[in-house]
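Source file entry25.txt; content: compact mmCIF, C-alpha atoms.
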# COMPACT_ATOMS: atom_id res chain seq x y z
CA MET A 201 0.00 0.00 0.00
CA ALA A 202 2.77 2.42 0.86
CA CYS A 203 4.81 1.97 -2.29
CA PHE A 204 5.35 4.87 -4.67
CA HIS A 205 3.96 4.42 -8.15
CA ARG A 206 4.23 6.87 -10.99
CA ASP A 207 0.46 7.06 -11.47
CA GLN A 208 0.07 8.30 -7.90
CA GLN A 209 1.48 11.65 -8.97
CA ALA A 210 -1.82 12.26 -10.77
CA ARG A 211 -3.58 12.49 -7.40
CA TYR A 212 -1.73 15.69 -6.57
CA ARG A 213 -3.90 18.81 -6.62
CA PRO A 214 -3.10 22.21 -5.14
CA PRO A 215 -5.37 23.61 -2.44
CA LEU A 216 -5.84 26.89 -4.31
CA SER A 217 -5.01 28.32 -7.68
CA GLN A 218 -1.24 28.41 -7.91
CA ALA A 219 -1.51 31.78 -9.60
CA SER A 220 -2.55 33.64 -6.48
CA ALA A 221 -2.95 33.28 -2.75
CA PRO A 222 -5.69 34.84 -0.62
CA ALA A 223 -5.09 38.55 -0.24
CA MET A 224 -7.43 39.20 2.69
CA SER A 225 -5.81 39.47 6.11
CA VAL A 226 -6.50 36.53 8.42
CA GLY A 227 -5.49 38.02 11.78
CA TYR A 228 -3.13 35.56 13.42
CA VAL A 229 -2.25 31.92 12.92
CA ALA A 230 -1.61 29.62 15.88
CA MET A 231 0.83 26.72 15.46
CA VAL A 232 2.26 23.91 17.57
CA ALA A 233 5.39 21.98 16.52
CA GLY A 234 6.32 19.12 18.82
CA GLU A 235 9.89 18.20 17.89
CA PRO A 236 12.89 19.48 15.93
CA SER A 237 11.73 18.03 12.58
CA GLY A 238 8.38 19.79 13.03
CA ASP A 239 10.18 23.02 13.92
CA LEU A 240 12.15 22.84 10.67
CA LEU A 241 9.09 21.98 8.60
CA ALA A 242 7.00 24.75 10.15
CA SER A 243 9.73 27.34 9.63
CA HIS A 244 9.52 26.93 5.85
CA VAL A 245 5.74 27.19 5.94
CA LEU A 246 5.97 30.33 8.08
CA ALA A 247 8.34 31.90 5.55
CA ALA A 248 5.84 31.16 2.77
CA LEU A 249 2.94 32.54 4.84
CA ARG A 250 4.82 35.79 5.42
CA LYS A 251 5.48 36.18 1.72
CA MET A 252 1.76 35.88 1.06
CA GLN A 253 0.72 38.03 4.05
CA PRO A 254 3.70 40.09 5.29
CA GLY A 255 2.00 41.41 8.42
CA LEU A 256 0.78 38.03 9.63
CA THR A 257 1.21 37.22 13.34
CA CYS A 258 2.05 33.63 14.26
CA ALA A 259 2.27 32.24 17.79
CA GLY A 260 2.04 29.04 19.84
CA ILE A 261 4.66 26.38 20.56
CA GLY A 262 7.77 26.32 18.38
CA GLY A 263 11.51 25.99 18.23
CA GLU A 264 14.51 28.00 17.16
CA ARG A 265 13.89 27.72 13.42
CA MET A 266 10.32 28.98 13.82
CA ARG A 267 11.48 31.87 16.00
CA GLU A 268 13.84 32.86 13.20
CA GLN A 269 10.65 33.48 11.18
CA ASP A 270 9.32 35.89 13.85
CA PHE A 271 7.20 33.21 15.48
CA THR A 272 6.18 33.99 19.07
CA SER A 273 6.80 30.83 21.09
CA TRP A 274 4.84 30.64 24.33
CA TRP A 275 6.59 27.34 25.17
CA PRO A 276 9.60 25.78 23.41
CA THR A 277 9.25 22.73 21.22
CA GLN A 278 11.57 20.78 23.54
CA ARG A 279 8.84 20.73 26.21
CA LEU A 280 6.83 18.36 23.99
CA ALA A 281 9.64 16.08 22.78
CA VAL A 282 9.15 12.62 24.30
CA ASN A 283 10.00 9.16 23.02
CA GLY A 284 7.65 6.21 23.47
CA TYR A 285 4.91 5.42 25.96
CA ALA A 286 7.28 4.80 28.85
CA GLN A 287 8.71 8.31 28.68
CA VAL A 288 5.31 9.92 28.18
CA LEU A 289 3.81 8.52 31.38
CA PRO A 290 5.90 10.49 33.91
CA ARG A 291 5.53 13.64 31.78
CA LEU A 292 1.80 13.24 31.20
CA PRO A 293 0.57 15.67 33.92
CA GLU A 294 2.88 18.39 32.60
CA LEU A 295 1.84 17.81 28.99
CA LEU A 296 -1.87 17.80 29.84
CA TRP A 297 -1.46 21.01 31.85
CA MET A 298 0.38 22.67 28.98
CA ARG A 299 -2.26 21.62 26.47
CA ARG A 300 -5.07 22.91 28.70
CA GLN A 301 -3.33 26.26 29.21
CA LEU A 302 -2.75 26.57 25.48
CA ARG A 303 -6.36 25.70 24.69
CA LEU A 304 -7.69 28.30 27.13
CA ARG A 305 -5.40 30.93 25.68
CA LEU A 306 -6.46 30.14 22.13
CA LEU A 307 -10.12 30.27 23.08
CA ARG A 308 -9.54 33.71 24.62
CA GLN A 309 -7.39 34.98 21.77
CA ARG A 310 -9.01 33.18 18.87
CA PRO A 311 -6.72 32.58 15.88
CA ALA A 312 -8.04 32.59 12.34
CA VAL A 313 -6.76 29.02 12.04
CA PHE A 314 -4.84 26.53 14.16
CA VAL A 315 -2.06 24.45 12.59
CA GLY A 316 -0.82 21.35 14.37
CA VAL A 317 2.58 20.33 13.03
CA ASP A 318 3.05 16.60 13.60
CA ALA A 319 2.96 15.66 17.35
CA PRO A 320 -0.45 13.96 16.90
CA ASP A 321 -0.78 12.74 20.49
CA PHE A 322 -0.62 16.35 21.67
CA ASN A 323 -2.19 18.17 18.76
CA LEU A 324 -5.20 16.04 17.81
CA GLY A 325 -6.87 16.38 21.20
CA LEU A 326 -6.27 20.12 21.12
CA GLU A 327 -7.52 20.37 17.54
CA ARG A 328 -10.74 18.55 18.41
CA ARG A 329 -11.57 21.01 21.20
CA LEU A 330 -10.69 24.01 19.03
CA ARG A 331 -12.77 22.70 16.15
CA GLU A 332 -15.72 22.25 18.52
CA ALA A 333 -15.28 25.97 19.27
CA ARG A 334 -15.46 26.69 15.50
CA ILE A 335 -11.78 27.47 15.07
CA PRO A 336 -10.60 25.94 11.76
CA THR A 337 -7.94 23.27 12.17
CA VAL A 338 -5.16 22.18 9.85
CA HIS A 339 -2.81 19.28 10.58
CA LEU A 340 0.54 19.30 8.83
CA VAL A 341 1.90 15.81 8.26
CA SER A 342 -0.60 12.98 8.39
CA PRO A 343 -0.15 10.62 11.33
CA SER A 344 1.24 7.29 10.17
CA ILE A 345 -2.11 5.50 10.15
CA TRP A 346 -0.80 3.51 7.17
CA ALA A 347 1.84 2.04 9.48
CA TRP A 348 0.08 1.54 12.81
CA ARG A 349 -2.90 2.57 15.00
CA ARG A 350 -5.34 2.88 12.09
CA GLU A 351 -8.13 3.27 14.64
CA ARG A 352 -7.01 6.90 14.97
CA LEU A 353 -8.75 7.74 11.69
CA HIS A 354 -12.11 8.34 13.41
CA GLY A 355 -10.52 10.69 15.96
CA ILE A 356 -8.65 12.55 13.23
CA ALA A 357 -11.92 13.13 11.36
CA GLN A 358 -13.40 14.70 14.49
CA ALA A 359 -10.40 16.99 15.00
CA VAL A 360 -9.08 18.07 11.60
CA ASP A 361 -10.60 20.13 8.80
CA HIS A 362 -7.60 20.00 6.45
CA MET A 363 -4.93 17.31 6.46
CA LEU A 364 -1.73 18.24 4.63
CA CYS A 365 -0.05 15.04 3.42
CA VAL A 366 3.62 14.75 2.59
CA PHE A 367 3.41 11.35 0.87
CA PRO A 368 1.33 10.80 -2.29
CA PHE A 369 -0.47 7.66 -1.11
CA GLU A 370 -1.92 9.32 2.01
CA PRO A 371 -4.90 11.38 0.69
CA GLU A 372 -6.85 8.31 -0.34
CA LEU A 373 -6.75 7.08 3.27
CA TYR A 374 -9.10 9.96 4.11
CA ALA A 375 -11.38 9.56 1.08
CA GLN A 376 -14.29 8.20 3.14
CA THR A 377 -14.08 10.91 5.83
CA ARG A 378 -15.04 14.57 6.02
CA VAL A 379 -11.35 15.57 6.17
CA ARG A 380 -10.01 17.41 3.14
CA ALA A 381 -6.67 15.69 2.56
CA ILE A 382 -4.18 17.36 0.20
CA TYR A 383 -0.83 16.07 -1.04
CA ILE A 384 1.71 18.89 -0.81
CA GLY A 385 4.93 16.96 -1.29
CA HIS A 386 7.65 16.65 1.31
CA PRO A 387 9.39 19.88 2.33
CA LEU A 388 12.76 18.20 2.63
CA ALA A 389 12.66 17.23 -1.04
CA GLU A 390 12.55 20.91 -1.93
CA VAL A 391 15.17 22.01 0.61
CA ILE A 392 17.78 19.32 0.01
CA PRO A 393 19.59 19.76 -3.32
CA ASP A 394 19.53 17.10 -6.02
CA GLN A 395 23.33 16.92 -5.89
CA PRO A 396 24.55 17.57 -2.33
CA ASP A 397 27.88 19.39 -2.04
CA ARG A 398 29.95 16.65 -0.43
CA LEU A 399 33.26 18.47 -0.72
CA GLY A 400 31.81 21.71 0.61
CA ALA A 401 30.27 19.91 3.58
CA ARG A 402 33.58 18.24 4.39
CA HIS A 403 35.36 21.57 4.22
CA LEU A 404 32.76 23.09 6.56
CA LEU A 405 33.23 20.27 9.08
CA GLY A 406 37.03 20.20 8.76
CA LEU A 407 37.11 16.70 7.28
CA ALA A 408 39.69 15.46 4.79
CA GLN A 409 38.31 14.96 1.30
CA ASP A 410 39.64 11.39 1.13
CA ALA A 411 38.63 10.29 4.64
CA LEU A 412 36.11 7.53 5.33
CA VAL A 413 33.41 9.48 7.17
CA ILE A 414 30.62 7.88 9.18
CA GLY A 415 27.69 10.01 10.29
CA VAL A 416 26.25 8.99 13.66
CA LEU A 417 22.65 10.15 14.10
CA PRO A 418 21.04 8.51 17.14
CA GLY A 419 18.02 10.83 17.31
CA SER A 420 16.94 14.25 18.51
CA ARG A 421 15.13 13.34 21.74
CA ILE A 422 16.59 12.45 25.10
CA GLY A 423 14.81 9.09 25.14
CA GLU A 424 16.41 8.21 21.82
CA ILE A 425 19.85 9.19 23.07
CA GLN A 426 19.32 7.02 26.15
CA GLN A 427 18.11 4.00 24.21
CA ILE A 428 19.94 4.15 20.89
CA ALA A 429 23.14 6.17 21.21
CA PRO A 430 25.13 3.55 23.19
CA SER A 431 24.72 0.99 20.39
CA PHE A 432 25.47 3.55 17.69
CA LEU A 433 28.58 4.76 19.50
CA GLY A 434 29.75 1.19 20.05
CA ALA A 435 29.31 0.43 16.35
CA ALA A 436 31.10 3.65 15.40
CA GLN A 437 34.03 2.71 17.66
CA ARG A 438 34.35 -0.64 15.86
CA LEU A 439 34.30 1.08 12.46
CA GLN A 440 36.96 3.50 13.61
CA GLN A 441 39.20 0.77 15.00
CA ARG A 442 38.89 -1.43 11.90
CA HIS A 443 38.86 1.17 9.13
CA GLY A 444 40.20 4.41 10.60
CA ALA A 445 36.82 6.08 10.02
CA ARG A 446 36.25 9.70 10.96
CA LEU A 447 33.08 9.92 13.07
CA VAL A 448 30.76 12.92 13.24
CA LEU A 449 27.67 13.19 15.45
CA PRO A 450 25.35 16.21 15.12
CA VAL A 451 23.87 17.11 18.51
CA ALA A 452 20.29 18.16 17.85
CA HIS A 453 19.98 20.30 20.98
CA PRO A 454 22.47 21.47 23.66
CA SER A 455 20.40 19.75 26.37
CA LEU A 456 21.48 16.38 24.92
CA LEU A 457 25.20 17.09 25.24
CA PRO A 458 25.73 16.11 28.92
CA LEU A 459 24.16 12.69 28.38
CA LEU A 460 26.20 12.08 25.23
CA GLN A 461 29.40 13.09 27.01
CA ARG A 462 28.69 10.59 29.81
CA GLN A 463 28.13 7.86 27.23
CA LEU A 464 31.39 8.73 25.48
CA GLN A 465 33.29 8.43 28.76
CA ALA A 466 32.32 4.75 28.78
CA LEU A 467 34.13 4.28 25.45
CA PRO A 468 37.78 5.24 26.06
CA GLY A 469 39.78 5.75 22.92
CA LEU A 470 36.79 6.68 20.78
CA GLU A 471 37.43 9.85 18.80
CA ILE A 472 34.24 11.47 17.56
CA GLN A 473 33.47 14.98 16.40
CA LEU A 474 30.35 16.48 17.95
CA THR A 475 28.70 19.32 16.07
CA GLN A 476 26.03 21.71 17.24
CA GLY A 477 23.23 20.79 14.88
CA GLN A 478 24.50 20.70 11.27
CA SER A 479 22.88 17.32 10.63
CA HIS A 480 22.47 18.15 6.94
CA ALA A 481 26.16 18.98 6.62
CA VAL A 482 26.99 15.66 8.29
CA MET A 483 24.72 13.76 5.91
CA ALA A 484 26.18 15.54 2.89
CA ALA A 485 29.73 14.83 4.04
CA CYS A 486 29.47 11.21 5.14
CA ASP A 487 30.10 8.00 3.22
CA LEU A 488 27.52 6.17 5.33
CA ALA A 489 25.22 7.00 8.21
CA LEU A 490 24.04 5.13 11.27
CA VAL A 491 20.63 6.69 11.70
CA ALA A 492 17.71 6.33 14.09
CA SER A 493 14.36 5.53 12.52
CA GLY A 494 12.40 8.70 11.82
CA THR A 495 12.59 11.72 9.54
CA ALA A 496 16.39 11.52 9.49
CA THR A 497 16.20 8.32 7.45
CA LEU A 498 14.34 10.20 4.71
CA GLU A 499 16.86 13.04 4.92
CA CYS A 500 19.71 10.58 4.40
CA ALA A 501 17.92 9.15 1.38
CA LEU A 502 17.47 12.62 -0.10
CA PHE A 503 21.18 13.24 0.46
CA LYS A 504 21.71 9.98 -1.52
CA ARG A 505 23.68 8.39 1.31
CA PRO A 506 23.72 4.67 2.20
CA MET A 507 22.57 4.06 5.74
CA VAL A 508 21.93 1.51 8.44
CA ILE A 509 18.74 2.17 10.40
CA GLY A 510 18.55 1.32 14.08
CA TYR A 511 15.93 1.89 16.73
CA ARG A 512 15.08 0.82 20.24
CA VAL A 513 12.34 1.83 22.67
CA PRO A 514 11.96 0.89 26.33
CA GLU A 515 10.56 -2.58 26.91
CA LEU A 516 7.28 -1.24 28.30
CA SER A 517 6.76 0.85 25.18
CA ARG A 518 7.58 -2.14 22.99
CA ARG A 519 4.97 -4.28 24.76
CA LEU A 520 2.31 -1.59 24.52
CA MET A 521 3.02 -1.13 20.81
CA ALA A 522 3.14 -4.85 20.01
CA GLY A 523 0.60 -5.94 17.41
CA LYS A 524 -0.34 -2.37 16.41
CA GLY A 525 1.85 -2.17 13.33
CA TYR A 526 0.79 -3.05 9.79
CA LEU A 527 4.07 -2.87 7.86
CA PRO A 528 7.27 -4.91 8.03
CA TRP A 529 9.43 -1.77 7.78
CA VAL A 530 10.06 1.19 10.09
CA GLY A 531 12.50 3.30 8.04
CA LEU A 532 10.85 5.80 5.71
CA PRO A 533 12.95 4.89 2.64
CA ASN A 534 11.88 1.26 3.04
CA ILE A 535 8.24 2.17 3.71
CA LEU A 536 8.08 4.35 0.61
CA ALA A 537 9.75 1.67 -1.48
CA GLY A 538 7.72 -1.17 -0.06
CA ALA A 539 10.95 -3.13 0.28
CA PHE A 540 14.07 -3.41 2.43
CA TRP A 541 16.27 -1.00 0.50
CA VAL A 542 18.43 -0.42 3.58
CA PRO A 543 19.02 -2.62 6.64
CA GLU A 544 16.93 -2.13 9.77
CA LEU A 545 18.10 -3.34 13.18
CA LEU A 546 15.48 -2.96 15.87
CA GLN A 547 15.25 -3.59 19.60
CA ASP A 548 17.52 -6.51 20.64
CA ALA A 549 18.98 -6.64 17.13
CA CYS A 550 20.24 -3.06 17.46
CA THR A 551 23.64 -3.99 18.87
CA PRO A 552 27.07 -2.47 18.20
CA ASP A 553 28.30 -5.62 16.47
CA ALA A 554 25.24 -5.99 14.24
CA LEU A 555 25.24 -2.30 13.27
CA ALA A 556 28.95 -2.35 12.44
CA GLU A 557 28.59 -5.54 10.40
CA ALA A 558 25.69 -4.10 8.38
CA ALA A 559 27.65 -0.90 7.77
CA GLU A 560 30.74 -2.80 6.63
CA SER A 561 28.64 -4.90 4.25
CA LEU A 562 27.31 -1.74 2.60
CA LEU A 563 30.71 -0.07 2.45
CA ARG A 564 32.20 -3.10 0.68
CA ASP A 565 29.45 -3.28 -1.94
CA ASP A 566 29.92 -0.56 -4.58
CA VAL A 567 27.15 -1.99 -6.78
CA ARG A 568 24.63 -1.85 -3.95
CA GLN A 569 25.63 1.71 -3.13
CA ALA A 570 25.11 2.75 -6.76
CA GLN A 571 21.69 1.09 -6.80
CA LEU A 572 20.70 2.95 -3.65
CA ARG A 573 21.78 6.28 -5.14
CA ASP A 574 19.63 5.65 -8.23
CA ARG A 575 16.63 4.72 -6.11
CA PHE A 576 17.08 7.74 -3.86
CA ILE A 577 17.29 10.04 -6.90
CA GLU A 578 13.93 8.71 -8.11
CA LEU A 579 12.43 9.03 -4.65
CA HIS A 580 13.59 12.66 -4.47
CA ALA A 581 11.85 13.50 -7.75
CA GLN A 582 8.61 11.88 -6.59
CA LEU A 583 8.51 13.87 -3.36
CA ARG A 584 9.42 17.29 -4.76
CA ARG A 585 6.61 19.85 -4.85
CA PRO A 586 6.44 23.56 -3.87
CA THR A 587 5.55 22.22 -0.44
CA ALA A 588 5.81 25.31 1.73
CA SER A 589 3.76 27.43 -0.69
CA LEU A 590 1.08 24.77 -1.06
CA ALA A 591 0.86 24.37 2.72
CA ALA A 592 0.63 28.14 3.24
CA GLN A 593 -2.12 28.42 0.63
CA ALA A 594 -4.10 25.62 2.29
CA ILE A 595 -3.72 27.26 5.72
CA LEU A 596 -4.98 30.60 4.42
CA GLU A 597 -7.83 28.88 2.62
CA ALA A 598 -8.86 27.15 5.85
CA ALA A 599 -8.72 30.48 7.68
CA HIS A 600 -11.01 32.14 5.13
CA ALA A 601 -13.41 29.18 5.04
CA GLY A 602 -13.76 29.38 8.82
Would you encode the structure as structure tokens?
Amino acid sequence: MACFHRDQQARYRPPLSQASAPAMSVGYVAMVAGEPSGDLLASHVLAALRKMQPGLTCAGIGGERMREQDFTSWWPTQRLAVNGYAQVLPRLPELLWMRRQLRLRLLRQRPAVFVGVDAPDFNLGLERRLREARIPTVHLVSPSIWAWRRERLHGIAQAVDHMLCVFPFEPELYAQTRVRAIYIGHPLAEVIPDQPDRLGARHLLGLAQDALVIGVLPGSRIGEIQQIAPSFLGAAQRLQQRHGARLVLPVAHPSLLPLLQRQLQALPGLEIQLTQGQSHAVMAACDLALVASGTATLECALFKRPMVIGYRVPELSRRLMAGKGYLPWVGLPNILAGAFWVPELLQDACTPDALAEAAESLLRDDVRQAQLRDRFIELHAQLRRPTASLAAQAILEAAHAG
């Protein structure tokens, strides 16, 4: 079901005439982005909104990239970033309090439209209450109901007026509901160049042009660093010892640095370069990436880089999630292909030895690497649309319709 086919491109339709966007002022737009990938995505949409309506006010919950677009953040995105059921439970009172305070504020200071950017467990409940109060709701990035928890479709239909889909097979999932689902393409396909500047990225990071470079990307949330980083670092150490690899790990947020430094102390002799952010530079520069399942796997594919995907959640979360999935893959490149393009090592299989072995197998196989590059080039073309502009147009349309 989740495979890309060429005829699916015909389902694409813009929310408004591409020739013009609504000219009427819409007051202010409220947005909530729940993690760094949502912050990045929303920042591009905010830039497009401001081009269409320069005086627009935007406020809610956002991160640094959104604030760069003059977004007023009442709480930072990091307050919402949790990983798995087990980590949510101790934070649940705080999250519920924050959502209630935000809802009350939005009901007092009514926006023209509310935009939930990903974070469905937080945003959908908020969107349902706002929609009941006749505030139009837009959700940017469809929840992965094609992968697991399909029962959420009924709740989504109660909460969302417009669903903005980043994969072309998603709109038909909403065909039997009242939700207007629109394929807008994936924003990363527009941002990431067709031919990444590998040499420029290496120069930026101070890496030799002929070095074997391994990107280590264990996630952007503290729960991911706790669960996944030790295995990734152990695998990276093996690759460095055996092949003299240069290792680079982009730290998604400064709050993650103390935990990473403690983990590195347990691996004496490991030499690894930590960067503040710069994940795209690391992906452009590397020969291969060890990457946690999530948006970063799609980013690596768009950078045309071979990768090994790993992921682990706490045992309680694994048990609660058992039996809820519908697909044999977790990495986005594999889901979109409908096949195991790249190796996935999950839970108990996500060990340093297994990760290092999978990486070495890829590095030795030039034919397989070339095949991956060709497939990733095709994937990039399928996902490229004027995403930010289409999303902004849909948001303004929802505001006017409300």
Pick out the residues sitting within 10 Å of A:Ile356, and hand them over as a count of residues only; count all atoms listed in the file, and ignore anything fewer than 6 positions along from it in its own chain.
13
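Take atom CA of A:Ala484 and atom CA of A:Phe432: the distance between them is 19.1 Å.
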Listing only residues of stretch 381-450 of chain A within 6 Å of stretch 580-584 of chain A, what is the closest atom pair and its distance in Å (to one decimal) for each, using all atoms listed in the file, sorted by chain and residue number ascending, as JSON lines?
{"residue": "A:Gly385", "atom": "CA", "partner": "A:Leu583", "partner_atom": "CA", "distance": 5.2}
{"residue": "A:His386", "atom": "CA", "partner": "A:Leu583", "partner_atom": "CA", "distance": 5.5}
{"residue": "A:Ala389", "atom": "CA", "partner": "A:Arg584", "partner_atom": "CA", "distance": 4.9}
{"residue": "A:Glu390", "atom": "CA", "partner": "A:Arg584", "partner_atom": "CA", "distance": 5.6}
Residues within 12 Å of A:Gln461, please, as JSON, numbers by chain. Count all atoms listed in the file; anything in the same chain fewer than 4 positions from it doesn't count.
{"A": [425, 426, 429, 430, 433, 449, 451, 454, 455, 456, 457, 465, 466, 467, 468, 470, 471, 472, 473, 474]}
For A:His362, the closest of A:Leu596, A:Ala259, A:Arg573, A:Pro552 counting only C-alpha atoms is A:Leu596
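Residue nearest A:Val513 within the list A:Arg421, A:Leu532, A:Ala436, A:Val482: A:Arg421 [criterion: smallest interatomic distance, all atoms listed in the file].
As for atom CA of A:Thr272 and atom CA of A:Pro586, they are spaced 25.2 Å apart.
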Identify, on the basis of all atoms listed in the file, every residue whose closest approach to A:Leu439 does not exceed 8 Å; exclude the query and any residue fewer than 5 positions from it along the same chain; express the result as a PyMOL selection string.
chain A and resi 444-445+556+560
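Each of A:Ala559, A:Ala319, A:Ala248, A:Val542 was compared to A:Gln571 using all atoms listed in the file, and A:Val542 turns out to be the nearest.
Note that the spacing between atom CA of A:Arg512 and atom CA of A:Arg299 amounts to 27.8 Å.
Residue nearest A:Trp541 within the list A:Ala411, A:Leu579, A:Val338, A:Leu464: A:Leu579 [criterion: smallest interatomic distance, only C-alpha atoms].
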Closest of A:Leu546, A:Ala230, A:Val413, A:Leu353 to A:Leu330 - atom-to-atom distances counting only C-alpha atoms:
A:Ala230
If we count all atoms listed in the file, what is near A:Thr337 at a cut-off of 8 Å, once residues fewer than 3 positions away on the same chain are taken out, given as a short mmCIF file (atom, residue, chain, number, x, y, z; two decimals) with C-alpha atoms, in the coordinates of the input?
data_model
loop_
_atom_site.label_atom_id
_atom_site.label_comp_id
_atom_site.auth_asym_id
_atom_site.auth_seq_id
_atom_site.Cartn_x
_atom_site.Cartn_y
_atom_site.Cartn_z
CA VAL A 313 -6.76 29.02 12.04
CA PHE A 314 -4.84 26.53 14.16
CA VAL A 315 -2.06 24.45 12.59
CA GLY A 316 -0.82 21.35 14.37
CA GLU A 327 -7.52 20.37 17.54
CA LEU A 330 -10.69 24.01 19.03
CA ARG A 331 -12.77 22.70 16.15
CA ALA A 359 -10.40 16.99 15.00
CA VAL A 360 -9.08 18.07 11.60
CA ASP A 361 -10.60 20.13 8.80
CA HIS A 362 -7.60 20.00 6.45
CA ALA A 598 -8.86 27.15 5.85
#
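Closest to A:Asp397 among A:Ala481, A:Val366, A:Val317, A:Leu256 is A:Ala481, based on all atoms listed in the file.
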Residues within 6 Å of A:Leu545, please, as a JSON list (two decimals) with C-alpha atoms, in the frame of the given file. Count all atoms listed in the file; anything in the same chain fewer than 2 positions from it doesn't count.
[["chain", "number", "residue", "atom", "x", "y", "z"],
["A", 510, "GLY", "CA", 18.55, 1.32, 14.08],
["A", 549, "ALA", "CA", 18.98, -6.64, 17.13],
["A", 550, "CYS", "CA", 20.24, -3.06, 17.46]]
Atom completion result for stretch 579-595 of chain A (N, CA and C atoms) as a PDB file, keeping the file's coordinate frame:
ATOM      1  N   LEU A 579      13.268   8.673  -5.796  1.00  0.00           N
ATOM      2  CA  LEU A 579      12.430   9.030  -4.650  1.00  0.00           C
ATOM      3  C   LEU A 579      12.384  10.543  -4.467  1.00  0.00           C
ATOM      4  N   HIS A 580      13.513  11.207  -4.615  1.00  0.00           N
ATOM      5  CA  HIS A 580      13.590  12.660  -4.470  1.00  0.00           C
ATOM      6  C   HIS A 580      12.656  13.339  -5.468  1.00  0.00           C
ATOM      7  N   ALA A 581      12.696  12.892  -6.715  1.00  0.00           N
ATOM      8  CA  ALA A 581      11.850  13.500  -7.750  1.00  0.00           C
ATOM      9  C   ALA A 581      10.377  13.303  -7.446  1.00  0.00           C
ATOM     10  N   GLN A 582      10.014  12.159  -6.892  1.00  0.00           N
ATOM     11  CA  GLN A 582       8.610  11.880  -6.590  1.00  0.00           C
ATOM     12  C   GLN A 582       8.072  12.736  -5.445  1.00  0.00           C
ATOM     13  N   LEU A 583       8.948  13.120  -4.533  1.00  0.00           N
ATOM     14  CA  LEU A 583       8.510  13.870  -3.360  1.00  0.00           C
ATOM     15  C   LEU A 583       8.586  15.388  -3.544  1.00  0.00           C
ATOM     16  N   ARG A 584       9.212  15.853  -4.617  1.00  0.00           N
ATOM     17  CA  ARG A 584       9.420  17.290  -4.760  1.00  0.00           C
ATOM     18  C   ARG A 584       8.162  17.984  -5.275  1.00  0.00           C
ATOM     19  N   ARG A 585       7.706  18.944  -4.506  1.00  0.00           N
ATOM     20  CA  ARG A 585       6.610  19.850  -4.850  1.00  0.00           C
ATOM     21  C   ARG A 585       6.945  21.206  -4.227  1.00  0.00           C
ATOM     22  N   PRO A 586       6.261  22.288  -4.599  1.00  0.00           N
ATOM     23  CA  PRO A 586       6.440  23.560  -3.870  1.00  0.00           C
ATOM     24  C   PRO A 586       5.713  23.473  -2.528  1.00  0.00           C
ATOM     25  N   THR A 587       6.263  22.644  -1.647  1.00  0.00           N
ATOM     26  CA  THR A 587       5.550  22.220  -0.440  1.00  0.00           C
ATOM     27  C   THR A 587       5.149  23.376   0.465  1.00  0.00           C
ATOM     28  N   ALA A 588       6.105  24.235   0.788  1.00  0.00           N
ATOM     29  CA  ALA A 588       5.810  25.310   1.730  1.00  0.00           C
ATOM     30  C   ALA A 588       4.722  26.230   1.188  1.00  0.00           C
ATOM     31  N   SER A 589       4.776  26.558  -0.094  1.00  0.00           N
ATOM     32  CA  SER A 589       3.760  27.430  -0.690  1.00  0.00           C
ATOM     33  C   SER A 589       2.399  26.766  -0.697  1.00  0.00           C
ATOM     34  N   LEU A 590       2.359  25.483  -1.045  1.00  0.00           N
ATOM     35  CA  LEU A 590       1.080  24.770  -1.060  1.00  0.00           C
ATOM     36  C   LEU A 590       0.490  24.679   0.350  1.00  0.00           C
ATOM     37  N   ALA A 591       1.346  24.428   1.339  1.00  0.00           N
ATOM     38  CA  ALA A 591       0.860  24.370   2.720  1.00  0.00           C
ATOM     39  C   ALA A 591       0.335  25.734   3.161  1.00  0.00           C
ATOM     40  N   ALA A 592       1.068  26.795   2.846  1.00  0.00           N
ATOM     41  CA  ALA A 592       0.630  28.140   3.240  1.00  0.00           C
ATOM     42  C   ALA A 592      -0.703  28.486   2.590  1.00  0.00           C
ATOM     43  N   GLN A 593      -0.859  28.151   1.312  1.00  0.00           N
ATOM     44  CA  GLN A 593      -2.120  28.420   0.630  1.00  0.00           C
ATOM     45  C   GLN A 593      -3.271  27.674   1.293  1.00  0.00           C
ATOM     46  N   ALA A 594      -3.051  26.403   1.642  1.00  0.00           N
ATOM     47  CA  ALA A 594      -4.100  25.620   2.290  1.00  0.00           C
ATOM     48  C   ALA A 594      -4.465  26.194   3.654  1.00  0.00           C
ATOM     49  N   ILE A 595      -3.461  26.671   4.402  1.00  0.00           N
ATOM     50  CA  ILE A 595      -3.720  27.260   5.720  1.00  0.00           C
ATOM     51  C   ILE A 595      -4.554  28.534   5.576  1.00  0.00           C
TER      52      ILE A 595
END
